[in-house]
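Undergrad: As input, take upload_29.pdb (PDB, C-alpha atoms):
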MODEL        1
ATOM      1  CA  MET A   4      20.378   6.359  45.170
ATOM      2  CA  MET A   5      21.423   3.381  47.257
ATOM      3  CA  SER A   6      18.234   3.528  49.347
ATOM      4  CA  SER A   7      17.070   0.356  47.638
ATOM      5  CA  SER A   8      19.555  -1.873  49.451
ATOM      6  CA  THR A   9      16.707  -3.702  51.180
ATOM      7  CA  LEU A  10      15.116  -4.436  47.850
ATOM      8  CA  LEU A  11      18.445  -5.661  46.535
ATOM      9  CA  GLY A  12      18.948  -7.891  49.543
ATOM     10  CA  ALA A  13      15.694  -9.599  48.741
ATOM     11  CA  GLU A  14      16.551  -9.857  45.091
ATOM     12  CA  LEU A  15      20.107 -11.096  45.087
ATOM     13  CA  ALA A  16      21.888 -13.886  46.852
ATOM     14  CA  ALA A  17      25.111 -11.865  46.611
ATOM     15  CA  PRO A  18      24.248  -8.293  47.646
ATOM     16  CA  ALA A  19      27.934  -7.305  47.595
ATOM     17  CA  LEU A  20      27.757  -7.437  43.811
ATOM     18  CA  ALA A  21      25.228  -4.634  43.720
ATOM     19  CA  SER A  22      27.430  -1.768  44.892
ATOM     20  CA  ALA A  23      27.596   1.356  42.749
ATOM     21  CA  GLU A  24      31.211   0.579  41.912
ATOM     22  CA  SER A  25      30.299  -2.918  40.792
ATOM     23  CA  ARG A  26      27.535  -1.574  38.544
ATOM     24  CA  GLU A  27      29.981   0.900  37.028
ATOM     25  CA  LEU A  28      32.414  -1.952  36.373
ATOM     26  CA  ARG A  29      29.701  -4.043  34.713
ATOM     27  CA  SER A  30      28.830  -1.079  32.556
ATOM     28  CA  LEU A  31      32.484  -0.727  31.514
ATOM     29  CA  GLY A  32      32.819  -4.477  30.916
ATOM     30  CA  PHE A  33      29.764  -4.407  28.697
ATOM     31  CA  TRP A  34      31.140  -1.360  26.878
ATOM     32  CA  ILE A  35      34.356  -3.296  26.137
ATOM     33  CA  TYR A  36      32.204  -6.117  24.706
ATOM     34  CA  LEU A  37      30.426  -3.532  22.518
ATOM     35  CA  MET A  38      33.787  -2.259  21.283
ATOM     36  CA  SER A  39      34.815  -5.825  20.362
ATOM     37  CA  ASP A  40      31.500  -6.169  18.513
ATOM     38  CA  ALA A  41      32.302  -2.882  16.764
ATOM     39  CA  ILE A  42      35.538  -4.508  15.543
ATOM     40  CA  VAL A  43      33.572  -7.520  14.236
ATOM     41  CA  PHE A  44      31.173  -5.266  12.333
ATOM     42  CA  SER A  45      33.940  -3.010  11.022
ATOM     43  CA  LEU A  46      35.773  -5.994   9.561
ATOM     44  CA  LEU A  47      32.531  -7.130   7.911
ATOM     45  CA  PHE A  48      32.289  -3.578   6.525
ATOM     46  CA  ALA A  49      35.870  -3.830   5.246
ATOM     47  CA  THR A  50      35.042  -7.187   3.628
ATOM     48  CA  TYR A  51      31.962  -5.654   2.017
ATOM     49  CA  ALA A  52      33.941  -2.635   0.788
ATOM     50  CA  THR A  53      36.457  -4.886  -0.971
ATOM     51  CA  MET A  54      33.725  -7.133  -2.449
ATOM     52  CA  SER A  55      31.105  -4.489  -3.250
ATOM     53  CA  ARG A  56      31.833  -4.459  -6.996
ATOM     54  CA  ASN A  57      32.421  -8.211  -7.433
ATOM     55  CA  TYR A  58      29.074  -8.917  -9.091
ATOM     56  CA  ALA A  59      30.287 -12.015 -10.993
ATOM     57  CA  GLY A  60      27.886 -11.087 -13.808
ATOM     58  CA  GLY A  61      24.934 -11.163 -11.389
ATOM     59  CA  ALA A  62      22.639  -8.496  -9.977
ATOM     60  CA  THR A  63      24.088  -5.186  -8.759
ATOM     61  CA  GLY A  64      23.079  -3.057  -5.802
ATOM     62  CA  LYS A  65      21.407  -0.608  -8.149
ATOM     63  CA  GLU A  66      19.060  -3.356  -9.378
ATOM     64  CA  LEU A  67      18.411  -4.915  -5.961
ATOM     65  CA  PHE A  68      18.185  -2.074  -3.439
ATOM     66  CA  ASP A  69      14.971  -0.154  -2.837
ATOM     67  CA  LEU A  70      15.777   3.046  -0.949
ATOM     68  CA  SER A  71      12.225   3.610   0.305
ATOM     69  CA  HIS A  72      12.362   0.150   1.920
ATOM     70  CA  THR A  73      15.717   0.986   3.530
ATOM     71  CA  LEU A  74      14.366   4.348   4.713
ATOM     72  CA  GLY A  75      11.439   2.527   6.356
ATOM     73  CA  GLU A  76      13.848   0.182   8.178
ATOM     74  CA  THR A  77      15.964   3.176   9.243
ATOM     75  CA  ALA A  78      12.905   5.016  10.582
ATOM     76  CA  LEU A  79      11.781   1.959  12.588
ATOM     77  CA  LEU A  80      15.214   1.509  14.148
ATOM     78  CA  LEU A  81      15.651   5.207  14.959
ATOM     79  CA  ALA A  82      12.178   5.379  16.533
ATOM     80  CA  SER A  83      13.013   2.266  18.559
ATOM     81  CA  SER A  84      16.174   3.971  19.834
ATOM     82  CA  LEU A  85      14.035   6.822  21.133
ATOM     83  CA  THR A  86      11.462   4.562  22.816
ATOM     84  CA  CYS A  87      14.309   2.471  24.276
ATOM     85  CA  GLY A  88      15.568   5.670  25.940
ATOM     86  CA  PHE A  89      12.061   6.395  27.249
ATOM     87  CA  ALA A  90      11.905   2.877  28.725
ATOM     88  CA  LEU A  91      15.230   3.405  30.512
ATOM     89  CA  LEU A  92      14.092   6.774  31.911
ATOM     90  CA  ALA A  93      10.798   5.286  33.111
ATOM     91  CA  THR A  94      12.678   2.433  34.817
ATOM     92  CA  GLN A  95      15.006   4.895  36.544
ATOM     93  CA  ARG A  96      11.902   6.700  37.868
ATOM     94  CA  ARG A  97      10.568   3.324  39.032
ATOM     95  CA  ARG A  98       7.474   3.496  36.818
ATOM     96  CA  THR A  99       7.022  -0.129  35.887
ATOM     97  CA  THR A 100       3.888   0.204  33.736
ATOM     98  CA  SER A 101       5.357   3.021  31.686
ATOM     99  CA  ALA A 102       8.698   1.203  31.328
ATOM    100  CA  VAL A 103       7.051  -2.035  30.203
ATOM    101  CA  SER A 104       4.832  -0.126  27.749
ATOM    102  CA  TRP A 105       7.813   1.621  26.150
ATOM    103  CA  LEU A 106       9.680  -1.701  25.968
ATOM    104  CA  ILE A 107       6.728  -3.275  24.159
ATOM    105  CA  VAL A 108       6.648  -0.327  21.715
ATOM    106  CA  THR A 109      10.395  -0.819  21.178
ATOM    107  CA  LEU A 110       9.804  -4.517  20.596
ATOM    108  CA  LEU A 111       7.142  -3.774  17.960
ATOM    109  CA  PHE A 112       9.521  -1.396  16.127
ATOM    110  CA  GLY A 113      12.236  -4.064  16.323
ATOM    111  CA  LEU A 114       9.891  -6.747  14.988
ATOM    112  CA  GLY A 115       8.894  -4.402  12.161
ATOM    113  CA  PHE A 116      12.561  -3.873  11.314
ATOM    114  CA  VAL A 117      13.457  -7.569  11.294
ATOM    115  CA  GLY A 118      10.255  -8.339   9.354
ATOM    116  CA  MET A 119      11.187  -5.815   6.662
ATOM    117  CA  GLU A 120      14.703  -7.235   6.489
ATOM    118  CA  VAL A 121      13.456 -10.809   6.135
ATOM    119  CA  THR A 122      11.043  -9.673   3.387
ATOM    120  CA  GLU A 123      13.927  -7.992   1.570
ATOM    121  CA  PHE A 124      16.159 -11.079   1.864
ATOM    122  CA  GLN A 125      13.368 -13.377   0.640
ATOM    123  CA  GLY A 126      12.660 -11.079  -2.311
ATOM    124  CA  MET A 127      16.333 -11.069  -3.286
ATOM    125  CA  ILE A 128      16.681 -14.845  -2.996
ATOM    126  CA  GLN A 129      13.513 -15.334  -5.096
ATOM    127  CA  GLN A 130      15.032 -13.083  -7.768
ATOM    128  CA  GLY A 131      17.990 -15.460  -7.846
ATOM    129  CA  ALA A 132      20.228 -13.032  -5.959
ATOM    130  CA  GLY A 133      21.026 -15.154  -2.901
ATOM    131  CA  PRO A 134      24.270 -15.136  -0.918
ATOM    132  CA  ASP A 135      25.776 -17.839  -3.183
ATOM    133  CA  CYS A 136      25.449 -15.637  -6.271
ATOM    134  CA  SER A 137      28.513 -13.410  -6.077
ATOM    135  CA  GLY A 138      31.165 -11.994  -3.761
ATOM    136  CA  PHE A 139      29.101  -8.840  -3.468
ATOM    137  CA  LEU A 140      26.012 -10.751  -2.315
ATOM    138  CA  SER A 141      27.972 -13.020   0.072
ATOM    139  CA  ALA A 142      29.428  -9.948   1.765
ATOM    140  CA  PHE A 143      26.036  -8.191   1.741
ATOM    141  CA  PHE A 144      24.133 -11.064   3.377
ATOM    142  CA  THR A 145      26.909 -11.621   5.934
ATOM    143  CA  LEU A 146      27.050  -7.973   7.022
ATOM    144  CA  VAL A 147      23.323  -7.172   7.002
ATOM    145  CA  GLY A 148      22.365 -10.626   8.307
ATOM    146  CA  THR A 149      24.794 -10.376  11.248
ATOM    147  CA  HIS A 150      23.198  -7.052  12.174
ATOM    148  CA  GLY A 151      19.681  -8.519  11.877
ATOM    149  CA  MET A 152      20.743 -11.427  14.090
ATOM    150  CA  HIS A 153      21.994  -8.961  16.715
ATOM    151  CA  VAL A 154      18.678  -7.070  16.606
ATOM    152  CA  SER A 155      16.778 -10.351  17.030
ATOM    153  CA  LEU A 156      18.896 -11.304  20.057
ATOM    154  CA  GLY A 157      18.389  -7.771  21.408
ATOM    155  CA  MET A 158      14.629  -8.406  21.282
ATOM    156  CA  VAL A 159      15.033 -11.669  23.235
ATOM    157  CA  TRP A 160      17.010  -9.717  25.845
ATOM    158  CA  LEU A 161      14.243  -7.057  25.799
ATOM    159  CA  LEU A 162      11.658  -9.725  26.649
ATOM    160  CA  VAL A 163      13.858 -10.951  29.508
ATOM    161  CA  MET A 164      13.941  -7.370  30.815
ATOM    162  CA  VAL A 165      10.126  -7.124  30.575
ATOM    163  CA  VAL A 166       9.841 -10.304  32.660
ATOM    164  CA  GLN A 167      12.336  -8.939  35.219
ATOM    165  CA  LEU A 168      10.499  -5.599  35.456
ATOM    166  CA  VAL A 169       7.216  -7.373  36.097
ATOM    167  CA  ALA A 170       8.578 -10.089  38.382
ATOM    168  CA  ILE A 171      11.237  -8.130  40.326
ATOM    169  CA  GLY A 172      10.273  -4.499  39.749
ATOM    170  CA  PRO A 173      12.491  -1.538  38.774
ATOM    171  CA  THR A 174      15.173  -2.224  41.402
ATOM    172  CA  THR A 175      18.701  -0.872  41.145
ATOM    173  CA  MET A 176      19.946  -4.135  39.633
ATOM    174  CA  VAL A 177      17.157  -4.262  37.038
ATOM    175  CA  GLN A 178      17.879  -0.621  36.174
ATOM    176  CA  SER A 179      21.540  -1.515  35.770
ATOM    177  CA  ARG A 180      20.715  -4.440  33.461
ATOM    178  CA  LEU A 181      18.277  -2.347  31.445
ATOM    179  CA  GLN A 182      20.961   0.319  31.045
ATOM    180  CA  ARG A 183      23.285  -2.281  29.484
ATOM    181  CA  TRP A 184      20.488  -3.558  27.225
ATOM    182  CA  SER A 185      19.787   0.017  26.074
ATOM    183  CA  ALA A 186      23.500   0.486  25.293
ATOM    184  CA  PHE A 187      23.333  -2.685  23.160
ATOM    185  CA  TRP A 188      20.212  -1.430  21.366
ATOM    186  CA  HIS A 189      21.679   2.040  20.658
ATOM    187  CA  PHE A 190      24.885   0.384  19.464
ATOM    188  CA  LEU A 191      22.910  -1.609  16.884
ATOM    189  CA  ASP A 192      21.318   1.595  15.601
ATOM    190  CA  ILE A 193      24.839   3.039  15.181
ATOM    191  CA  VAL A 194      25.875  -0.046  13.170
ATOM    192  CA  TRP A 195      22.781   0.472  11.000
ATOM    193  CA  ILE A 196      23.930   4.042  10.193
ATOM    194  CA  GLY A 197      27.065   2.402   8.808
ATOM    195  CA  ILE A 198      25.024  -0.131   6.833
ATOM    196  CA  PHE A 199      22.811   2.374   5.028
ATOM    197  CA  SER A 200      25.759   4.732   4.461
ATOM    198  CA  VAL A 201      28.172   2.075   3.166
ATOM    199  CA  VAL A 202      25.836  -0.485   1.549
ATOM    200  CA  TYR A 203      22.491   0.966   0.444
ATOM    201  CA  LEU A 204      23.123   4.639  -0.401
ATOM    202  CA  PRO A 205      26.377   4.130  -2.393
ATOM    203  CA  GLY A 206      24.801   0.979  -3.863
ATOM    204  CA  VAL A 207      22.110   2.900  -5.750
ATOM    205  CA  LEU A 208      24.433   5.646  -7.041
TER
ATOM    206  CA  MET B   2       0.483   4.273  29.183
ATOM    207  CA  MET B   3       2.403   7.323  27.947
ATOM    208  CA  GLY B   4       3.684   8.124  31.413
ATOM    209  CA  THR B   5       6.418  10.492  30.274
ATOM    210  CA  ASN B   6       3.993  12.889  28.591
ATOM    211  CA  SER B   7       2.773  14.376  31.843
ATOM    212  CA  ASP B   8       6.316  14.945  33.148
ATOM    213  CA  VAL B   9       8.310  18.145  33.039
ATOM    214  CA  VAL B  10      10.998  17.664  30.362
ATOM    215  CA  SER B  11      13.912  16.206  32.345
ATOM    216  CA  PRO B  12      17.567  16.434  31.256
ATOM    217  CA  GLY B  13      17.439  12.727  30.407
ATOM    218  CA  LEU B  14      14.381  13.120  28.211
ATOM    219  CA  ARG B  15      15.775  16.251  26.581
ATOM    220  CA  SER B  16      18.940  14.343  25.651
ATOM    221  CA  TYR B  17      16.975  11.654  23.773
ATOM    222  CA  LEU B  18      14.722  14.199  22.047
ATOM    223  CA  THR B  19      17.716  16.321  20.976
ATOM    224  CA  GLY B  20      19.461  13.224  19.617
ATOM    225  CA  PHE B  21      16.344  12.247  17.681
ATOM    226  CA  ALA B  22      15.840  15.774  16.295
ATOM    227  CA  LEU B  23      19.464  15.804  15.056
ATOM    228  CA  ALA B  24      19.375  12.230  13.717
ATOM    229  CA  VAL B  25      16.319  12.780  11.490
ATOM    230  CA  PRO B  26      17.874  15.413   9.158
ATOM    231  CA  LEU B  27      21.211  13.548   9.207
ATOM    232  CA  THR B  28      19.280  10.542   7.825
ATOM    233  CA  VAL B  29      16.884  12.317   5.465
ATOM    234  CA  ILE B  30      19.531  14.475   3.706
ATOM    235  CA  PRO B  31      21.788  11.603   2.518
ATOM    236  CA  PHE B  32      18.733   9.499   1.531
ATOM    237  CA  ALA B  33      17.254  12.405  -0.441
ATOM    238  CA  LEU B  34      20.542  13.102  -2.237
ATOM    239  CA  ALA B  35      21.074   9.422  -3.101
ATOM    240  CA  ALA B  36      17.477   8.984  -4.287
ATOM    241  CA  THR B  37      17.322  12.126  -6.444
ATOM    242  CA  GLY B  38      20.915  12.159  -7.733
ATOM    243  CA  TYR B  39      20.799  15.942  -7.458
ATOM    244  CA  PHE B  40      24.592  16.302  -7.113
ATOM    245  CA  PRO B  41      27.381  14.412  -8.912
ATOM    246  CA  ASN B  42      28.080  11.035  -7.268
ATOM    247  CA  ALA B  43      31.437  12.146  -5.810
ATOM    248  CA  VAL B  44      29.734  14.998  -3.944
ATOM    249  CA  THR B  45      26.859  12.778  -2.769
ATOM    250  CA  LEU B  46      29.323  10.182  -1.432
ATOM    251  CA  ARG B  47      31.119  12.875   0.588
ATOM    252  CA  VAL B  48      27.821  14.141   2.024
ATOM    253  CA  ILE B  49      26.812  10.550   2.930
ATOM    254  CA  ALA B  50      30.157  10.031   4.729
ATOM    255  CA  ILE B  51      29.974  13.324   6.631
ATOM    256  CA  ALA B  52      26.313  12.810   7.647
ATOM    257  CA  ALA B  53      27.101   9.249   8.809
ATOM    258  CA  ILE B  54      30.031  10.325  10.989
ATOM    259  CA  ALA B  55      27.997  13.216  12.402
ATOM    260  CA  GLN B  56      25.072  10.921  13.185
ATOM    261  CA  VAL B  57      27.319   8.350  14.902
ATOM    262  CA  LEU B  58      28.671  11.156  17.114
ATOM    263  CA  VAL B  59      25.097  12.353  17.819
ATOM    264  CA  HIS B  60      24.078   8.842  18.881
ATOM    265  CA  LEU B  61      27.153   8.432  21.122
ATOM    266  CA  ARG B  62      26.575  11.800  22.773
ATOM    267  CA  TYR B  63      22.776  11.950  23.154
ATOM    268  CA  PHE B  64      21.697   8.269  23.237
ATOM    269  CA  LEU B  65      24.694   6.600  24.880
ATOM    270  CA  HIS B  66      25.521   9.723  26.955
ATOM    271  CA  LEU B  67      29.234   9.412  26.213
ATOM    272  CA  SER B  68      30.962  12.699  27.065
ATOM    273  CA  PHE B  69      34.464  13.834  27.935
ATOM    274  CA  SER B  70      33.753  13.855  31.671
ATOM    275  CA  PRO B  71      36.287  12.223  34.028
ATOM    276  CA  LYS B  72      33.905   9.374  34.917
ATOM    277  CA  ASN B  73      33.985   8.286  31.281
ATOM    278  CA  THR B  74      37.799   8.086  31.043
ATOM    279  CA  TRP B  75      37.970   4.293  30.754
ATOM    280  CA  PHE B  76      35.047   4.198  28.334
ATOM    281  CA  LEU B  77      36.868   6.687  26.104
ATOM    282  CA  ILE B  78      40.142   4.739  26.382
ATOM    283  CA  ALA B  79      38.257   1.656  25.141
ATOM    284  CA  VAL B  80      36.879   3.722  22.242
ATOM    285  CA  ALA B  81      40.346   5.071  21.403
ATOM    286  CA  PHE B  82      41.905   1.577  21.511
ATOM    287  CA  THR B  83      39.146   0.272  19.237
ATOM    288  CA  ALA B  84      39.766   3.169  16.859
ATOM    289  CA  VAL B  85      43.487   2.307  16.660
ATOM    290  CA  ILE B  86      42.746  -1.370  15.992
ATOM    291  CA  LEU B  87      40.230  -0.411  13.303
ATOM    292  CA  LEU B  88      42.598   2.065  11.680
ATOM    293  CA  ILE B  89      45.160  -0.727  11.315
ATOM    294  CA  MET B  90      42.812  -3.567  10.336
ATOM    295  CA  VAL B  91      40.071  -1.836   8.317
ATOM    296  CA  GLY B  92      42.316   0.895   6.910
ATOM    297  CA  GLY B  93      45.007  -1.672   6.075
ATOM    298  CA  THR B  94      42.556  -4.079   4.440
ATOM    299  CA  ILE B  95      40.994  -1.404   2.261
ATOM    300  CA  TRP B  96      44.343   0.142   1.341
ATOM    301  CA  ILE B  97      46.001  -3.165   0.391
ATOM    302  CA  LEU B  98      43.050  -4.713  -1.452
ATOM    303  CA  PHE B  99      42.142  -1.585  -3.408
ATOM    304  CA  GLU B 100      45.796  -1.151  -4.443
ATOM    305  CA  LEU B 101      45.875  -4.826  -5.421
ATOM    306  CA  ASN B 102      42.714  -4.374  -7.513
ATOM    307  CA  ARG B 103      44.173  -1.325  -9.202
ATOM    308  CA  HIS B 104      47.430  -3.090 -10.084
ATOM    309  CA  MET B 105      45.591  -6.193 -11.335
ATOM    310  CA  LEU B 106      43.499  -3.951 -13.591
ATOM    311  CA  LEU B 107      46.718  -2.442 -14.927
ATOM    312  CA  LEU B 108      47.913  -5.948 -15.828
ATOM    313  CA  ASP B 109      44.620  -6.671 -17.606
ATOM    314  CA  ASN B 110      44.681  -3.425 -19.584
ATOM    315  CA  PRO B 111      48.290  -2.356 -20.052
TER
ENDMDL
END
Mind converting the file's structure to structure tokens?

TA:
Amino acid sequence: MMSSSTLLGAELAAPALASAESRELRSLGFWIYLMSDAIVFSLLFATYATMSRNYAGGATGKELFDLSHTLGETALLLASSLTCGFALLATQRRRTTSAVSWLIVTLLFGLGFVGMEVTEFQGMIQQGAGPDCSGFLSAFFTLVGTHGMHVSLGMVWLLVMVVQLVAIGPTTMVQSRLQRWSAFWHFLDIVWIGIFSVVYLPGVL
Amino acid sequence: MMGTNSDVVSPGLRSYLTGFALAVPLTVIPFALAATGYFPNAVTLRVIAIAAIAQVLVHLRYFLHLSFSPKNTWFLIAVAFTAVILLIMVGGTIWILFELNRHMLLLDNP
């Protein structure tokens, strides 16, 4: 597993940072960040739950939400979680072409997801149901928009990983970074489970 | 391009495929119930909640590979600490504000 130390020496100015223990610590540090992000999202969920019926005479979830659209977004994100896993496995087997291909597929799913979300937001704003309309819509746009922003940043990070795979190769450090990116990506899919279960599905009932 | 197709199914690959196979029905069932309104809303809401919790656990286990093995101790402690914080903050917020709403409604309609 540590047979790549020569590769690492060429890659990093500080090879001491690349020990297995250090990678484990980075993984834990990143996990603690994800848990803090989980707290951020959960409080946005709590805000939404308390505001979800404050329509202020405006549009309700039943009028605004289209479940088939939400199902499409869910499918894209779930498929991207799978291909993200394939990319990580390919990187761990040091298959750069395969890893980059799966990352590009993941990127396309992610772009599809964000595109659908932007379309939905634009449609709602054109109907006069923007975030300034009611407490319900403020909480909705804040929660769903924060998630969409995370997915967009995850795609920027994905592109950085593609560049590293091509420029550096699937070294131990690149594998370690890709593992943390995949944790971020899977985490966002978990947040999305919360969004369709708390916002969209109860919204149409 | 599809390099993994020619491989023997490895434990890593099996984990992702299992997670995906479990996640699909856990998504489709709540969507189908919400879209058709087959059951009363109270039942549908319970099914949505149960499917969501189950799917979160599936993702943690099969996509994030979080298990109760000793090497994950500190990861699980972080999860447990987060859960405590959320129980206090999210649980407290929802409890207090929903009670407040209920009492305000009582004032409006005595």

Undergrad: Convert the output of the PyMOL selection byres ((chain A and resi 183) around 10) on the shown file into explicit residues, formatted as a ChimeraX atom specification.

TA: /A:29-34,91,177-182,184-189

Undergrad: When distances are computed from only C-alpha atoms, which of B:Phe64, B:Phe32, B:Phe40, B:Tyr17 shows the smallest separation from Phe190 in chain A?

TA: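 Answer, going by the shortest atom-to-atom distance: B:Phe64.
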
Undergrad: Please, which residues in chain B fall within 8 Å of chain A when counting all atoms listed in the file, and what is the closest atom pair and distance in Å to one decimal for each, ordered by chain then residue number, as a Markdown table?

TA:
| residue | atom | partner | partner_atom | distance |
| --- | --- | --- | --- | --- |
| B:Met2 | CA | A:Ser101 | CA | 5.6 |
| B:Met3 | CA | A:Ser101 | CA | 6.4 |
| B:Gly4 | CA | A:Ser101 | CA | 5.4 |
| B:Thr5 | CA | A:Ala93 | CA | 7.4 |
| B:Gly13 | CA | A:Leu92 | CA | 7.0 |
| B:Leu14 | CA | A:Phe89 | CA | 7.2 |
| B:Tyr17 | CA | A:Leu85 | CA | 6.2 |
| B:Leu18 | CA | A:Leu85 | CA | 7.5 |
| B:Phe21 | CA | A:Leu85 | CA | 6.8 |
| B:Pro31 | CA | A:Leu204 | CA | 7.7 |
| B:Phe32 | CA | A:Leu204 | CA | 6.8 |
| B:Ala35 | CA | A:Leu204 | CA | 5.9 |
| B:Ala36 | CA | A:Leu70 | CA | 7.0 |
| B:Gly38 | CA | A:Leu208 | CA | 7.4 |
| B:Asn42 | CA | A:Leu208 | CA | 6.5 |
| B:Leu46 | CA | A:Pro205 | CA | 6.8 |
| B:Ile49 | CA | A:Ser200 | CA | 6.1 |
| B:Ala50 | CA | A:Ser200 | CA | 6.9 |
| B:Ala53 | CA | A:Ile196 | CA | 6.3 |
| B:Gln56 | CA | A:Ile196 | CA | 7.6 |
| B:Val57 | CA | A:Ile193 | CA | 5.9 |
| B:His60 | CA | A:Ile193 | CA | 6.9 |
| B:Phe64 | CA | A:His189 | CA | 6.7 |
| B:Leu65 | CA | A:Ala186 | CA | 6.2 |
| B:Trp75 | CA | A:Leu31 | CA | 7.5 |
| B:Phe76 | CA | A:Leu31 | CA | 6.4 |
| B:Ala79 | CA | A:Ile35 | CA | 6.4 |
| B:Val80 | CA | A:Met38 | CA | 6.8 |
| B:Thr83 | CA | A:Met38 | CA | 6.3 |
| B:Ile86 | CA | A:Ile42 | CA | 7.9 |
| B:Leu87 | CA | A:Ile42 | CA | 6.6 |
| B:Met90 | CA | A:Leu46 | CA | 7.5 |
| B:Val91 | CA | A:Ala49 | CA | 5.6 |
| B:Thr94 | CA | A:Ala49 | CA | 6.7 |
| B:Ile95 | CA | A:Ala49 | CA | 6.4 |
| B:Leu98 | CA | A:Thr53 | CA | 6.6 |
| B:Phe99 | CA | A:Thr53 | CA | 7.0 |

Undergrad: Tell me, in Å to one decimal, how far CA of Asn57 in chain A is from CA of Gly138 in chain A.

TA: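 Those two atoms sit 5.4 Å apart.
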
Undergrad: Grab the CA of Trp160 in chain A to CA of Gln95 in chain A distance for me, in Å with one decimal place.

TA: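 Computing the Euclidean distance for CA of Trp160 in chain A and CA of Gln95 in chain A yields 18.2 Å.
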
Undergrad: Work out how far apart CA of Leu67 in chain A and CA of Gly131 in chain A are and give it in Å to one decimal.

TA: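 That distance, rounded to one decimal, is 10.7 Å.
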
Undergrad: Could you list the residues chosen by the PyMOL selection byres ((chain A and resi 163) around 12) in this structure as a PyMOL selection string?

TA: chain A and resi 103+106-107+110+156-162+164-171+177+180-181+184

Undergrad: Do you know which residues are at most 10 Å from Thr19 in chain B counting only C-alpha atoms, after dropping those on the same chain fewer than 3 positions away, and could you put them as number ranges by chain?

TA: B: 14-16, 22-24, 59, 63-64

Undergrad: Applied to this file, what does the PyMOL selection byres ((chain A and resi 117-128) around 12) return in terms of residues, put as an MDAnalysis selection string?

TA: chainID A and resid 61:64 66:80 110:116 129:136 140:141 143:145 147:158

Undergrad: Since the input has fewer atoms than a full residue there, write range 174-188 of chain A out with N, CA and C atoms, as a PDB file, keeping the file's coordinate frame.

TA:
ATOM      1  N   THR A 174      14.140  -2.362  40.368  1.00  0.00           N
ATOM      2  CA  THR A 174      15.173  -2.224  41.402  1.00  0.00           C
ATOM      3  C   THR A 174      16.468  -1.703  40.780  1.00  0.00           C
ATOM      4  N   THR A 175      17.431  -1.398  41.635  1.00  0.00           N
ATOM      5  CA  THR A 175      18.701  -0.872  41.145  1.00  0.00           C
ATOM      6  C   THR A 175      19.369  -1.848  40.181  1.00  0.00           C
ATOM      7  N   MET A 176      19.302  -3.152  40.507  1.00  0.00           N
ATOM      8  CA  MET A 176      19.946  -4.135  39.633  1.00  0.00           C
ATOM      9  C   MET A 176      19.228  -4.226  38.285  1.00  0.00           C
ATOM     10  N   VAL A 177      17.902  -4.185  38.306  1.00  0.00           N
ATOM     11  CA  VAL A 177      17.157  -4.262  37.038  1.00  0.00           C
ATOM     12  C   VAL A 177      17.433  -3.010  36.206  1.00  0.00           C
ATOM     13  N   GLN A 178      17.509  -1.856  36.885  1.00  0.00           N
ATOM     14  CA  GLN A 178      17.879  -0.621  36.174  1.00  0.00           C
ATOM     15  C   GLN A 178      19.238  -0.769  35.516  1.00  0.00           C
ATOM     16  N   SER A 179      20.171  -1.353  36.269  1.00  0.00           N
ATOM     17  CA  SER A 179      21.540  -1.515  35.770  1.00  0.00           C
ATOM     18  C   SER A 179      21.568  -2.441  34.542  1.00  0.00           C
ATOM     19  N   ARG A 180      20.779  -3.527  34.609  1.00  0.00           N
ATOM     20  CA  ARG A 180      20.715  -4.440  33.461  1.00  0.00           C
ATOM     21  C   ARG A 180      20.054  -3.768  32.270  1.00  0.00           C
ATOM     22  N   LEU A 181      18.991  -3.015  32.541  1.00  0.00           N
ATOM     23  CA  LEU A 181      18.277  -2.347  31.445  1.00  0.00           C
ATOM     24  C   LEU A 181      19.174  -1.294  30.787  1.00  0.00           C
ATOM     25  N   GLN A 182      20.029  -0.671  31.603  1.00  0.00           N
ATOM     26  CA  GLN A 182      20.961   0.319  31.045  1.00  0.00           C
ATOM     27  C   GLN A 182      21.907  -0.367  30.053  1.00  0.00           C
ATOM     28  N   ARG A 183      22.377  -1.573  30.396  1.00  0.00           N
ATOM     29  CA  ARG A 183      23.285  -2.281  29.484  1.00  0.00           C
ATOM     30  C   ARG A 183      22.542  -2.737  28.237  1.00  0.00           C
ATOM     31  N   TRP A 184      21.266  -3.183  28.411  1.00  0.00           N
ATOM     32  CA  TRP A 184      20.488  -3.558  27.225  1.00  0.00           C
ATOM     33  C   TRP A 184      20.292  -2.333  26.312  1.00  0.00           C
ATOM     34  N   SER A 185      20.015  -1.170  26.908  1.00  0.00           N
ATOM     35  CA  SER A 185      19.787   0.017  26.074  1.00  0.00           C
ATOM     36  C   SER A 185      21.074   0.396  25.334  1.00  0.00           C
ATOM     37  N   ALA A 186      22.229   0.204  25.980  1.00  0.00           N
ATOM     38  CA  ALA A 186      23.500   0.486  25.293  1.00  0.00           C
ATOM     39  C   ALA A 186      23.641  -0.431  24.077  1.00  0.00           C
ATOM     40  N   PHE A 187      23.277  -1.720  24.263  1.00  0.00           N
ATOM     41  CA  PHE A 187      23.333  -2.685  23.160  1.00  0.00           C
ATOM     42  C   PHE A 187      22.418  -2.231  22.031  1.00  0.00           C
ATOM     43  N   TRP A 188      21.207  -1.822  22.373  1.00  0.00           N
ATOM     44  CA  TRP A 188      20.212  -1.430  21.366  1.00  0.00           C
ATOM     45  C   TRP A 188      20.676  -0.186  20.599  1.00  0.00           C
TER      46      TRP A 188
END
